[in-house]
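> Sharing a structure here in structure tokens format.
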Amino acid sequence: MVADPNNVKARRRVGRALFQLVAPVQRFLRTEAAGGALLMGAALIAMLWANSPWAHAYHHLVETPVGLRVGAHDVVWPLQHAINDLLMTLFFLVAGMEIRRELSAGELRTPARAALPLLAALGGMLAPAGLYLLVAGRGAGASGWGIPMATDIAFSLGVIGFVKRRVPPSLMVFLTALAIFDDLGAIVVIALFYGGRVSVPWLLAAGALTASLVAISRAQVRALTPYAVFGTALWVALARAGLHPTLAGVTVGLCLSPRPARAPDEVLAELDGALDQLRAGSHAERDALAALERHLESMQSPLDRAMHNLHGAVAFVIVPLFAFANAGVTLTAASLRLDPVPLGVALGLVVGKPVGVTLATWIGVRSGLAPMPGGARWRDVLGVAMLAGIGFTMSLFVDELAFRGDAVHIDLAKLGVLAGSLLSALAGIAWIRAVGRDHAPPDDERDVTVHASAARFADGFAVRTWAWPPALDGRSLLDARVRERTGVTVLGRALAGRANVALVGPHESLLAGTELIVVGAVEDLDAMDTRVTG
């Protein structure tokens with residue numbers, strides 16, 4: 001069937017709508033990588049400005065009072081504190097959503113999948129903390145042991161992009177999962193060890209609000225407003241209770257429902273009807289296109305919608321602002337002396353992280369608790385473990401809490417974070433370049449990688465590519481009765497541009513090997529070839 005030129009724009013819109021759903025993990029990784037580059041730039045600008053003749057202007061800017069008036073009450077913070085306490089709540093919200101999504105429908109959804117990165121994360125937290133205490137555990141710097149514990153997912157994914165072709169794909173997933181567990185561990189450390197004096201009445205109020213969030217999640221409430229209202233109230237309660245209020249973001253993120261309100265198979269059946277109207281080129285094409293977009297949106301859970309709305313703002317605005325406001329350390333002769341605090345932080349990141357991650361991974365694999373990531377060698381694991389020593393965002397955040405009010409130690413620890421993260425990045429890149437193998441896909445596979453590795457968009461369902469079998473060469477979807485025999489919907493033909501699909505008519509003859517985009521239950525997708533040709 002020859003495509004109608006008048007329908008080109010409409011079909012491009014179909015492709016855009018489909019791929020908003022098809023590639024959430026690819027967009028996530030690209031956003032993290034690009035956000036990491038912006039993060040580096042913001043930190044560099046802050047460092048250069050804070051050590052320039054105009055340093056007073058930088059410090060004046062980050063200390064500028066900003067406030068909020070509610071009735072007769074004024075709340076005023078320095079700009080840096082407003083970023084750290086208010087805007088970073090959204091960062092923690094996204095972190096909570098990432099954890100929730102991975103636990104419900106991602107690489108951490110089963111104990112077997114989660115075991116190895118969880119064990120590696122534990123090793124990668126305990127070893128740096130222990131090494132820090134060994135170096136700086138006496139005196140005023142002892143409270144900084146939590147600073148080198150976490151891996152910065154934005155920085156680490158941004159840096160690994162320079163050597164991605166030499167890293168097995170399984171280790172990319174491993175590093176992402178490890179960083180997510182690290183974030184969760186850092187959040188627990190903040191909650192338990194870096195809060196203020198606890199107010200029991202407000203703590204009970206925070207518990208009641210958390211229970212309310214769990215209740216609306218279990219009730220499958222799809223509107224985001226109730227989560228926002230209860231989350232804001234929880235932020236206030238935690239602040240008054242003496243805990244860090246950004247924990248409200250994590251709580252809301254973990255409570256957001258990952259399940260769509262409608263059953264995926266019901267939506268797929270309606271999706272077939274909308275696609276049939278589009279393929280027929282009827283006068284109702286605009287209505288069919290609108291229906292198709294509604295069906296795709298109805299598959300999105302509150303978690304997916306909130307992630308889509310917030311992730312770009314957090315990666316490209318909030319985290320770089322945090323880096324800019326916190327990385328401006330003035331270098332003086334006193335600050336450059338060999339102090340135990342920056343030395344302990346840097347050693348924790350550069351040495352403690354790779355040793356802890358690699359040793360814990362080795363124990364997990366050798367004990368039979370979890371298999372080695374596919375296609376990876378121990379030298380590859382060590383390279384990724386080095387990159388796990390990039391601790392920037394969460395490390396700076398913990399630094400502010402660990403040495404609250406102690407400007408000298410805060411700046412000393414920041415130097416350790418910056419130096420340790422930079423050395424970890426350089427060491428990881430150099431090691432991977434030296435020992436890594438080329439894992440780039442063949443040229444004829446690159447254009448459809450985005451489809452083939454697309455994540456699940458609903459529990460038990462996925463979008464994949466499927467090659468038209470040789471046994472059906474020259475036959476059409478209707479002749480082969482694909483929908484009736486497999487229970488899977490064919491969305492269209494994969495195009496080489498990675499960002500579009502072409503609709504396939506039911507009577508169109510298909511050549512063997514044609515890459516089609518299909519959507520359906522995972523077990524149906526796995527059995528497609530057998531069901532169609534058997």
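Here's how to read the names in the structure tokens: chain A, B, ... by the order shown, residue numbers from 1 in each chain, ligand numbers from 1 in the order shown.
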List the neighbours of segment 466-474 of chain A out to 10 Å using only C-alpha atoms; skip same-chain residues closer than 5 positions along the sequence, and give me the result as a PyMOL selection string.
chain A and resi 451-452+479-480+490+493-494+508-519+525-526+528-529+532-534
> What separation in Å, quoted to one decimal, exists between atom CA of Ala434 of chain A and atom CA of Pro148 of chain A?
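Taking atom CA of Ala434 of chain A and atom CA of Pro148 of chain A, their separation equals 26.2 Å.
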> Give me the residues near segment 352-356 of chain A as a ChimeraX atom specification, where near means some atom within 7 Å (using only C-alpha atoms) and where sequence neighbours in that chain fewer than 6 positions away do not count.
/A:123-124,127-128,131,382,385-386,388-389
> As JSON, numbers by chain, please: every residue in segment 109-267 of chain A that DSSP puts in alpha helix (DSSP H).
{"A": [111, 112, 113, 114, 115, 116, 117, 118, 119, 120, 121, 122, 123, 124, 125, 126, 127, 128, 129, 130, 131, 132, 133, 134, 135, 136, 153, 154, 155, 156, 157, 158, 159, 160, 169, 170, 171, 172, 173, 174, 175, 176, 177, 178, 179, 180, 181, 182, 183, 184, 185, 186, 187, 188, 189, 190, 191, 192, 193, 200, 201, 202, 203, 204, 205, 206, 207, 208, 209, 210, 211, 212, 213, 214, 215, 216, 217, 218, 225, 226, 227, 228, 229, 230, 231, 232, 233, 234, 235, 236, 237, 238, 239, 240, 241, 247, 248, 249, 250, 251, 252, 253, 254, 255, 264, 265, 266, 267]}
